[in-house]
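Peer 1: My questions will all concern the structure given below.
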Amino acid sequence: MQKTMKIEGMMCGHCEAKVRDTLNDLPEVETAVVSHENGTADITLAEPIADETLKAIVEDLGYKVLEVK
């Protein structure tokens with residue numbers, strides 16, 4: 001299962017790494033590819049996870065999630 005998040009507020013590679021590492025630490029996530037330039041996180045899931053859960057995790061890092069699809 002694939003999900004894409006639109007994220008606002010990532011300004012550099014450090015921001016990108018923080019979001020990527022946090023998402024990759026979730027047991028439901030196989031891989032997360034994050035781009036601060038595009039403001040996206042492309043996530044491959046091993047197990048289902050609620051969009052609201054993903055949104056809350058990223059927003060707890062200080063970024064704004066515009067959509068999860």
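Every chain in the structure tokens has a letter given in the order shown (A, B, ...), and although residue numbers restart at 1 in each chain, ligands are simply numbered from 1 in the order shown.
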Write out as a PDB file with N, CA and C atoms, in the first residue's frame each polymer residue whose atoms come within 8 Å of Glu30 (chain A), counting only C-alpha atoms; drop sequence neighbours fewer than 6 positions from it.
Peer 2:
```pdb
ATOM      1  N   ASN A  24      10.184   6.074   9.021  1.00  0.00           N
ATOM      2  CA  ASN A  24      10.799   4.753   8.864  1.00  0.00           C
ATOM      3  C   ASN A  24      10.867   3.972  10.176  1.00  0.00           C
ATOM      4  N   ILE A  43       5.260   7.038   0.992  1.00  0.00           N
ATOM      5  CA  ILE A  43       5.373   5.995   2.009  1.00  0.00           C
ATOM      6  C   ILE A  43       4.859   4.667   1.461  1.00  0.00           C
ATOM      7  N   THR A  44       5.661   3.622   1.626  1.00  0.00           N
ATOM      8  CA  THR A  44       5.247   2.261   1.320  1.00  0.00           C
ATOM      9  C   THR A  44       4.969   1.571   2.649  1.00  0.00           C
ATOM     10  N   LEU A  45       3.760   1.057   2.786  1.00  0.00           N
ATOM     11  CA  LEU A  45       3.335   0.455   4.052  1.00  0.00           C
ATOM     12  C   LEU A  45       3.365  -1.062   3.997  1.00  0.00           C
ATOM     13  N   ALA A  46       3.799  -1.671   5.085  1.00  0.00           N
ATOM     14  CA  ALA A  46       3.739  -3.118   5.254  1.00  0.00           C
ATOM     15  C   ALA A  46       2.386  -3.503   5.846  1.00  0.00           C
TER      16      ALA A  46
END
```
Peer 1: With only C-alpha atoms as the counted atoms, please give the residues lying no more than 12 Å from Pro48 (chain A), apart from itself and same-chain residues fewer than 2 positions off, as a list in words.
Peer 2: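 My reading of the contact set: Met1, Gln2, Lys3, Leu26, Pro27, Glu28, Val29, Glu30, Ile43, Thr44, Leu45, Ala46, Ala50, Asp51, Glu52, Thr53 and Leu54 of chain A.
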Peer 1: Quick one: pull the distance between CA of Ala41 (chain A) and CA of Lys18 (chain A), Å, one decimal.
Peer 2: 11.6 Å
Peer 1: Between A:Met11, A:Val65, A:Leu23, A:Ala56, which is the closest to Ser35 (chain A) once you count only C-alpha atoms?
Peer 2: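 Nearest to Ser35 (chain A): A:Met11.
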Peer 1: Return as a VMD selection string the full set of residues in chain A whose backbone-based DSSP assignment is helix (DSSP H, G or I).
Peer 2: chain A and resid 13 to 24 51 to 59
Peer 1: Check the smallest atom-to-atom distance from each of A:Val34, A:Asp21, A:Cys15, A:Ile49 to Gly62 (chain A) using only C-alpha atoms, then report the winner.
Peer 2: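 So, comparing all the options, the nearest one is A:Cys15.
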Peer 1: Could you list, as a ChimeraX atom specification, every residue within 9 Å of Thr22 (chain A), counting only C-alpha atoms and ignoring same-chain residues fewer than 5 positions away?
Peer 2: /A:17,57-58,61
Peer 1: Can you spit out the residues from that selection as an mmCIF file, in the first residue's frame, using N, CA and C atoms?
Peer 2:
```
data_model
loop_
_atom_site.group_PDB
_atom_site.id
_atom_site.type_symbol
_atom_site.label_atom_id
_atom_site.label_comp_id
_atom_site.auth_asym_id
_atom_site.auth_seq_id
_atom_site.Cartn_x
_atom_site.Cartn_y
_atom_site.Cartn_z
ATOM 1 N N ALA A 17 15.404 14.600 6.621
ATOM 2 C CA ALA A 17 15.904 13.419 7.338
ATOM 3 C C ALA A 17 15.103 13.155 8.605
ATOM 4 N N ILE A 57 1.839 12.321 13.658
ATOM 5 C CA ILE A 57 3.257 12.050 13.887
ATOM 6 C C ILE A 57 4.127 13.116 13.235
ATOM 7 N N VAL A 58 3.803 13.486 11.997
ATOM 8 C CA VAL A 58 4.596 14.500 11.289
ATOM 9 C C VAL A 58 4.352 15.886 11.892
ATOM 10 N N LEU A 61 6.352 16.842 14.830
ATOM 11 C CA LEU A 61 7.726 17.264 14.527
ATOM 12 C C LEU A 61 7.807 18.750 14.193
#
```
Peer 1: Pick from A:Asp60, A:Glu67, A:Asp42, A:Glu47: nearest to Arg20 (chain A), with only C-alpha atoms counted?
Peer 2: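 Among A:Asp60, A:Glu67, A:Asp42, A:Glu47, it is A:Asp42 that comes nearest to Arg20 (chain A).
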Peer 1: List every residue of chain A that DSSP, applied to the backbone of this structure, assigns to strand (DSSP E or B), and report them as a PyMOL selection string.
Peer 2: chain A and resi 2-8+29-35+40-45+64-68
Peer 1: Which residues, written as number ranges by chain, have at least one atom at most 6 Å from region 7-10 of chain A, with only C-alpha atoms counted and residues fewer than 4 positions away on the same chain left out?
Peer 2: A: 15, 36, 39-40, 63-66
Peer 1: I need the residues from that last selection saved to file as a PDB file, in the first residue's frame (with N, CA and C atoms), if you can.
Peer 2:
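The resulting file, out10.pdb, is shown below:
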```pdb
ATOM      1  N   CYS A  15      15.588  18.719   7.855  1.00  0.00           N
ATOM      2  CA  CYS A  15      14.139  18.553   8.033  1.00  0.00           C
ATOM      3  C   CYS A  15      13.674  17.260   7.358  1.00  0.00           C
ATOM      4  N   HIS A  36      12.263  17.506   0.781  1.00  0.00           N
ATOM      5  CA  HIS A  36      11.945  18.853   1.259  1.00  0.00           C
ATOM      6  C   HIS A  36      11.705  19.792   0.084  1.00  0.00           C
ATOM      7  N   GLY A  39       8.199  18.923  -0.946  1.00  0.00           N
ATOM      8  CA  GLY A  39       7.256  18.954   0.166  1.00  0.00           C
ATOM      9  C   GLY A  39       6.402  17.705   0.240  1.00  0.00           C
ATOM     10  N   THR A  40       7.044  16.550  -0.022  1.00  0.00           N
ATOM     11  CA  THR A  40       6.292  15.301  -0.038  1.00  0.00           C
ATOM     12  C   THR A  40       6.990  14.203   0.758  1.00  0.00           C
ATOM     13  N   TYR A  63       5.839  20.279  11.543  1.00  0.00           N
ATOM     14  CA  TYR A  63       5.500  20.560  10.149  1.00  0.00           C
ATOM     15  C   TYR A  63       3.992  20.486   9.970  1.00  0.00           C
ATOM     16  N   LYS A  64       3.483  21.079   8.905  1.00  0.00           N
ATOM     17  CA  LYS A  64       2.062  21.054   8.634  1.00  0.00           C
ATOM     18  C   LYS A  64       1.772  20.072   7.500  1.00  0.00           C
ATOM     19  N   VAL A  65       0.885  19.132   7.744  1.00  0.00           N
ATOM     20  CA  VAL A  65       0.473  18.168   6.732  1.00  0.00           C
ATOM     21  C   VAL A  65      -0.758  18.721   6.021  1.00  0.00           C
ATOM     22  N   LEU A  66      -0.612  18.944   4.713  1.00  0.00           N
ATOM     23  CA  LEU A  66      -1.699  19.499   3.918  1.00  0.00           C
ATOM     24  C   LEU A  66      -2.667  18.426   3.436  1.00  0.00           C
TER      25      LEU A  66
END
```
